Amino acid sequence: MINIEEIVLDDADEIYQIENKSFKYSWSISQINSELIREKNYNICIKENNKLLAYAFSRIEVDFLEIMKIATTELLRRKGLANLIILKLNDFCIRREINKIFLDVNSNNFEAINFYRKNGFKTDSIRKKYYQKSNEDAILMSKKIILP
Ligand SMILES: CC(C)(COP(=O)(O)OP(=O)(O)OC[C@H]1O[C@@H](n2cnc3c(N)ncnc32)[C@H](O)[C@@H]1OP(=O)(O)O)[C@@H](O)C(=O)NCCC(=O)NCCS
């Protein structure tokens with residue numbers, strides 16, 4: 001059975017395994033831990049029988065939520081897991097009366113750009129050479145949350 005729950009410190013190793021295989025410049029365990037102890041974060045994961053399959057880290061700012069990372073374990077991609085995570089982030093925003101989700105994505109990460117577009121994100125702007133390690137551009141994307 002699949003559960004969506006908040007990430008706890010004990011999940012850091014499993015997150016790191018997925019992170020490492022998903023990003024060229026992945027977070028280290030200590031970066032993961034420092035994000036986990038950050039007070040104003042909403043970090044969630046999907047587990048099946050206690051195995052962590054997908055996750056997202058997000059930061060709660062005054063009037064928006066910023067997605068820092070989202071990833072699904074390689075073998076289980078294109079099964080809707082990251083979609084479920086976005087739905088959960090939407091619910092969180094509605095509960096907290098946050099009306100915007102914002103993120104930056106590497107302009108060469110076509111899979112992620114498609115994924116975000118499919119989930120209603122629009123391009124706001126492009127930041128040239130935003131990623132210092134690789135000199136690649138970032139696309140800034142956002143999605144308005146309709147509050148009731
Ligand atoms: C981007 C990512 C999180 C998507 O996770 P996922 O669980 O496979 O996504 P979903 O199954 O929920 O996909 C939902 C929709 O997004 C789009 N999408 C997802 N992956 C795609 C891909 N590789 N190519 C094109 N479109 C894609 C599709 O429209 C898909 O719907 P469909 O399968 O019915 O066509 C996953 O590819 C990943 O972990 N990538 C590596 C890490 C990364 O780049 N993260 C994003 C930047 S922080």
# chains A, B, ... in the order shown; residues from 1 in each chain; ligands from 1

$ residues_around --residues "stretch 78-91 of chain A" --least-positions-apart "3" --cutoff "8 Å" --atoms "only C-alpha atoms" --output "PyMOL selection string"
chain A and resi 4+44-46+54-56+70-72+94-95+119+145

$ residues_around --residues "A:Lys100" --least-positions-apart "3" --cutoff "6 Å" --atoms "only C-alpha atoms" --output "PyMOL selection string"
chain A and resi 64+143-145

$ select_by_dssp --residues "stretch 10-70 of chain A" --states "strand (DSSP E)" --output "JSON, numbers by chain"
{"A": [41, 42, 43, 44, 45, 46, 47, 48, 51, 52, 53, 54, 55, 56, 57, 58, 59, 60, 65, 66, 67, 68, 69, 70]}

$ write_last_selection --atoms "N, CA and C atoms" --output "PDB file, in the first residue's frame"
ATOM      1  N   ASN A  41      10.052  24.206   6.109  1.00  0.00           N
ATOM      2  CA  ASN A  41      10.060  23.323   4.941  1.00  0.00           C
ATOM      3  C   ASN A  41       8.843  22.427   4.970  1.00  0.00           C
ATOM      4  N   TYR A  42       8.451  21.970   3.795  1.00  0.00           N
ATOM      5  CA  TYR A  42       7.443  20.914   3.720  1.00  0.00           C
ATOM      6  C   TYR A  42       8.061  19.850   2.817  1.00  0.00           C
ATOM      7  N   ASN A  43       8.483  18.749   3.435  1.00  0.00           N
ATOM      8  CA  ASN A  43       9.214  17.702   2.717  1.00  0.00           C
ATOM      9  C   ASN A  43       8.392  16.425   2.774  1.00  0.00           C
ATOM     10  N   ILE A  44       8.048  15.898   1.611  1.00  0.00           N
ATOM     11  CA  ILE A  44       7.182  14.713   1.628  1.00  0.00           C
ATOM     12  C   ILE A  44       7.740  13.599   0.744  1.00  0.00           C
ATOM     13  N   CYS A  45       7.307  12.383   1.086  1.00  0.00           N
ATOM     14  CA  CYS A  45       7.764  11.250   0.273  1.00  0.00           C
ATOM     15  C   CYS A  45       6.619  10.268   0.098  1.00  0.00           C
ATOM     16  N   ILE A  46       6.790   9.414  -0.901  1.00  0.00           N
ATOM     17  CA  ILE A  46       5.833   8.320  -1.099  1.00  0.00           C
ATOM     18  C   ILE A  46       6.546   7.033  -0.725  1.00  0.00           C
ATOM     19  N   LYS A  47       5.890   6.226   0.114  1.00  0.00           N
ATOM     20  CA  LYS A  47       6.466   4.935   0.507  1.00  0.00           C
ATOM     21  C   LYS A  47       5.483   3.824   0.175  1.00  0.00           C
ATOM     22  N   GLU A  48       6.066   2.676  -0.180  1.00  0.00           N
ATOM     23  CA  GLU A  48       5.243   1.474  -0.324  1.00  0.00           C
ATOM     24  C   GLU A  48       5.901   0.395   0.518  1.00  0.00           C
ATOM     25  N   LYS A  51       9.232   1.251   1.856  1.00  0.00           N
ATOM     26  CA  LYS A  51      10.308   1.589   0.923  1.00  0.00           C
ATOM     27  C   LYS A  51       9.995   2.935   0.273  1.00  0.00           C
ATOM     28  N   LEU A  52      11.003   3.811   0.300  1.00  0.00           N
ATOM     29  CA  LEU A  52      10.791   5.163  -0.219  1.00  0.00           C
ATOM     30  C   LEU A  52      10.932   5.188  -1.758  1.00  0.00           C
ATOM     31  N   LEU A  53       9.901   5.671  -2.447  1.00  0.00           N
ATOM     32  CA  LEU A  53       9.873   5.604  -3.914  1.00  0.00           C
ATOM     33  C   LEU A  53      10.043   6.959  -4.605  1.00  0.00           C
ATOM     34  N   ALA A  54       9.590   8.015  -3.935  1.00  0.00           N
ATOM     35  CA  ALA A  54       9.632   9.354  -4.553  1.00  0.00           C
ATOM     36  C   ALA A  54       9.600  10.388  -3.436  1.00  0.00           C
ATOM     37  N   TYR A  55      10.106  11.584  -3.739  1.00  0.00           N
ATOM     38  CA  TYR A  55      10.143  12.593  -2.672  1.00  0.00           C
ATOM     39  C   TYR A  55      10.169  13.994  -3.259  1.00  0.00           C
ATOM     40  N   ALA A  56       9.852  14.948  -2.401  1.00  0.00           N
ATOM     41  CA  ALA A  56      10.018  16.365  -2.771  1.00  0.00           C
ATOM     42  C   ALA A  56      10.389  17.155  -1.529  1.00  0.00           C
ATOM     43  N   PHE A  57      11.291  18.093  -1.731  1.00  0.00           N
ATOM     44  CA  PHE A  57      11.637  19.059  -0.688  1.00  0.00           C
ATOM     45  C   PHE A  57      11.083  20.396  -1.144  1.00  0.00           C
ATOM     46  N   SER A  58      10.402  21.093  -0.232  1.00  0.00           N
ATOM     47  CA  SER A  58       9.947  22.436  -0.604  1.00  0.00           C
ATOM     48  C   SER A  58      10.105  23.378   0.573  1.00  0.00           C
ATOM     49  N   ARG A  59      10.294  24.651   0.238  1.00  0.00           N
ATOM     50  CA  ARG A  59      10.478  25.687   1.253  1.00  0.00           C
ATOM     51  C   ARG A  59       9.247  26.582   1.289  1.00  0.00           C
ATOM     52  N   ILE A  60       8.828  26.878   2.506  1.00  0.00           N
ATOM     53  CA  ILE A  60       7.641  27.717   2.671  1.00  0.00           C
ATOM     54  C   ILE A  60       8.112  29.161   2.829  1.00  0.00           C
ATOM     55  N   LEU A  65       5.342  28.741  -2.235  1.00  0.00           N
ATOM     56  CA  LEU A  65       6.074  27.529  -1.866  1.00  0.00           C
ATOM     57  C   LEU A  65       7.111  27.310  -2.955  1.00  0.00           C
ATOM     58  N   GLU A  66       8.346  27.057  -2.585  1.00  0.00           N
ATOM     59  CA  GLU A  66       9.374  26.814  -3.604  1.00  0.00           C
ATOM     60  C   GLU A  66       9.783  25.343  -3.585  1.00  0.00           C
ATOM     61  N   ILE A  67       9.607  24.683  -4.727  1.00  0.00           N
ATOM     62  CA  ILE A  67      10.056  23.285  -4.822  1.00  0.00           C
ATOM     63  C   ILE A  67      11.563  23.289  -5.035  1.00  0.00           C
ATOM     64  N   MET A  68      12.273  22.623  -4.130  1.00  0.00           N
ATOM     65  CA  MET A  68      13.734  22.559  -4.229  1.00  0.00           C
ATOM     66  C   MET A  68      14.168  21.312  -5.008  1.00  0.00           C
ATOM     67  N   LYS A  69      13.449  20.235  -4.798  1.00  0.00           N
ATOM     68  CA  LYS A  69      13.787  18.957  -5.432  1.00  0.00           C
ATOM     69  C   LYS A  69      12.538  18.134  -5.569  1.00  0.00           C
ATOM     70  N   ILE A  70      12.488  17.377  -6.635  1.00  0.00           N
ATOM     71  CA  ILE A  70      11.458  16.335  -6.727  1.00  0.00           C
ATOM     72  C   ILE A  70      12.080  15.202  -7.535  1.00  0.00           C
TER      73      ILE A  70
END

$ residues_around --residues "A:Tyr25" --least-positions-apart "4" --cutoff "10 Å" --atoms "only C-alpha atoms" --output "ChimeraX atom specification"
/A:19-21,133-134

$ closest_residue --among "A:Phe92, A:Leu9, A:Leu75, A:Phe23" --to "A:Arg38" --atoms "only C-alpha atoms"
A:Leu9

$ select_by_dssp --residues "chain A" --states "alpha helix (DSSP H)" --output "ChimeraX atom specification"
/A:12-22,29-37,81-96,110-118

$ atom_distance --atom1 "atom CA of A:Glu6" --atom2 "atom CA of A:Tyr116"
21.5 Å

$ residues_around --residues "A:Leu147" --least-positions-apart "6" --cutoff "8 Å" --atoms "only C-alpha atoms" --output "PyMOL selection string"
chain A and resi 94+97-99

$ closest_residue --among "A:Ile146, A:Ala138, A:Ile7, A:Ile2" --to "A:Asn50" --atoms "only C-alpha atoms"
A:Ile2

$ atom_distance --atom1 "atom CA of A:Leu103" --atom2 "atom CA of A:Asp124"
10.0 Å

$ closest_residue --among "A:Glu111, A:Asp11, A:Glu61, A:Glu35" --to "ligand 1" --atoms "only C-alpha atoms and all ligand atoms"
A:Glu111

$ decode --residues "stretch 41-81 of chain A" --atoms "N, CA and C atoms" --output "tab-separated table (two decimals), in the first residue's frame"
chain	number	residue	atom	x	y	z
A	41	ASN	N	10.05	24.21	6.11
A	41	ASN	CA	10.06	23.32	4.94
A	41	ASN	C	8.84	22.43	4.97
A	42	TYR	N	8.45	21.97	3.80
A	42	TYR	CA	7.44	20.91	3.72
A	42	TYR	C	8.06	19.85	2.82
A	43	ASN	N	8.48	18.75	3.43
A	43	ASN	CA	9.21	17.70	2.72
A	43	ASN	C	8.39	16.42	2.77
A	44	ILE	N	8.05	15.90	1.61
A	44	ILE	CA	7.18	14.71	1.63
A	44	ILE	C	7.74	13.60	0.74
A	45	CYS	N	7.31	12.38	1.09
A	45	CYS	CA	7.76	11.25	0.27
A	45	CYS	C	6.62	10.27	0.10
A	46	ILE	N	6.79	9.41	-0.90
A	46	ILE	CA	5.83	8.32	-1.10
A	46	ILE	C	6.55	7.03	-0.72
A	47	LYS	N	5.89	6.23	0.11
A	47	LYS	CA	6.47	4.94	0.51
A	47	LYS	C	5.48	3.82	0.17
A	48	GLU	N	6.07	2.68	-0.18
A	48	GLU	CA	5.24	1.47	-0.32
A	48	GLU	C	5.90	0.40	0.52
A	49	ASN	N	5.16	-0.16	1.45
A	49	ASN	CA	5.72	-1.13	2.40
A	49	ASN	C	7.03	-0.62	3.00
A	50	ASN	N	7.02	0.62	3.40
A	50	ASN	CA	8.17	1.27	4.04
A	50	ASN	C	9.34	1.56	3.13
A	51	LYS	N	9.23	1.25	1.86
A	51	LYS	CA	10.31	1.59	0.92
A	51	LYS	C	10.00	2.93	0.27
A	52	LEU	N	11.00	3.81	0.30
A	52	LEU	CA	10.79	5.16	-0.22
A	52	LEU	C	10.93	5.19	-1.76
A	53	LEU	N	9.90	5.67	-2.45
A	53	LEU	CA	9.87	5.60	-3.91
A	53	LEU	C	10.04	6.96	-4.61
A	54	ALA	N	9.59	8.02	-3.94
A	54	ALA	CA	9.63	9.35	-4.55
A	54	ALA	C	9.60	10.39	-3.44
A	55	TYR	N	10.11	11.58	-3.74
A	55	TYR	CA	10.14	12.59	-2.67
A	55	TYR	C	10.17	13.99	-3.26
A	56	ALA	N	9.85	14.95	-2.40
A	56	ALA	CA	10.02	16.36	-2.77
A	56	ALA	C	10.39	17.15	-1.53
A	57	PHE	N	11.29	18.09	-1.73
A	57	PHE	CA	11.64	19.06	-0.69
A	57	PHE	C	11.08	20.40	-1.14
A	58	SER	N	10.40	21.09	-0.23
A	58	SER	CA	9.95	22.44	-0.60
A	58	SER	C	10.10	23.38	0.57
A	59	ARG	N	10.29	24.65	0.24
A	59	ARG	CA	10.48	25.69	1.25
A	59	ARG	C	9.25	26.58	1.29
A	60	ILE	N	8.83	26.88	2.51
A	60	ILE	CA	7.64	27.72	2.67
A	60	ILE	C	8.11	29.16	2.83
A	61	GLU	N	7.80	29.97	1.83
A	61	GLU	CA	8.15	31.39	1.91
A	61	GLU	C	6.89	32.17	2.27
A	62	VAL	N	7.01	33.50	2.36
A	62	VAL	CA	5.86	34.27	2.86
A	62	VAL	C	4.61	34.05	2.00
A	63	ASP	N	4.75	34.19	0.69
A	63	ASP	CA	3.54	34.03	-0.12
A	63	ASP	C	3.70	33.04	-1.27
A	64	PHE	N	4.67	32.15	-1.15
A	64	PHE	CA	4.76	31.06	-2.14
A	64	PHE	C	5.49	29.86	-1.54
A	65	LEU	N	5.34	28.74	-2.23
A	65	LEU	CA	6.07	27.53	-1.87
A	65	LEU	C	7.11	27.31	-2.96
A	66	GLU	N	8.35	27.06	-2.59
A	66	GLU	CA	9.37	26.81	-3.60
A	66	GLU	C	9.78	25.34	-3.59
A	67	ILE	N	9.61	24.68	-4.73
A	67	ILE	CA	10.06	23.28	-4.82
A	67	ILE	C	11.56	23.29	-5.03
A	68	MET	N	12.27	22.62	-4.13
A	68	MET	CA	13.73	22.56	-4.23
A	68	MET	C	14.17	21.31	-5.01
A	69	LYS	N	13.45	20.23	-4.80
A	69	LYS	CA	13.79	18.96	-5.43
A	69	LYS	C	12.54	18.13	-5.57
A	70	ILE	N	12.49	17.38	-6.63
A	70	ILE	CA	11.46	16.34	-6.73
A	70	ILE	C	12.08	15.20	-7.53
A	71	ALA	N	11.92	13.99	-7.08
A	71	ALA	CA	12.49	12.86	-7.82
A	71	ALA	C	11.72	11.58	-7.51
A	72	THR	N	11.73	10.72	-8.51
A	72	THR	CA	11.12	9.38	-8.38
A	72	THR	C	12.22	8.36	-8.68
A	73	THR	N	12.23	7.30	-7.94
A	73	THR	CA	13.23	6.25	-8.18
A	73	THR	C	13.13	5.78	-9.64
A	74	GLU	N	14.29	5.56	-10.25
A	74	GLU	CA	14.35	5.38	-11.70
A	74	GLU	C	13.37	4.34	-12.26
A	75	LEU	N	13.31	3.17	-11.61
A	75	LEU	CA	12.50	2.07	-12.16
A	75	LEU	C	11.00	2.32	-12.08
A	76	LEU	N	10.59	3.31	-11.30
A	76	LEU	CA	9.14	3.53	-11.12
A	76	LEU	C	8.67	4.85	-11.72
A	77	ARG	N	9.43	5.37	-12.68
A	77	ARG	CA	9.01	6.62	-13.31
A	77	ARG	C	7.86	6.37	-14.29
A	78	ARG	N	7.14	7.44	-14.63
A	78	ARG	CA	5.99	7.43	-15.55
A	78	ARG	C	4.85	6.57	-15.02
A	79	LYS	N	4.73	6.52	-13.70
A	79	LYS	CA	3.60	5.79	-13.11
A	79	LYS	C	2.73	6.73	-12.27
A	80	GLY	N	3.00	8.03	-12.38
A	80	GLY	CA	2.15	8.99	-11.68
A	80	GLY	C	2.56	9.33	-10.27
A	81	LEU	N	3.73	8.85	-9.83
A	81	LEU	CA	4.12	9.11	-8.43
A	81	LEU	C	4.40	10.60	-8.18
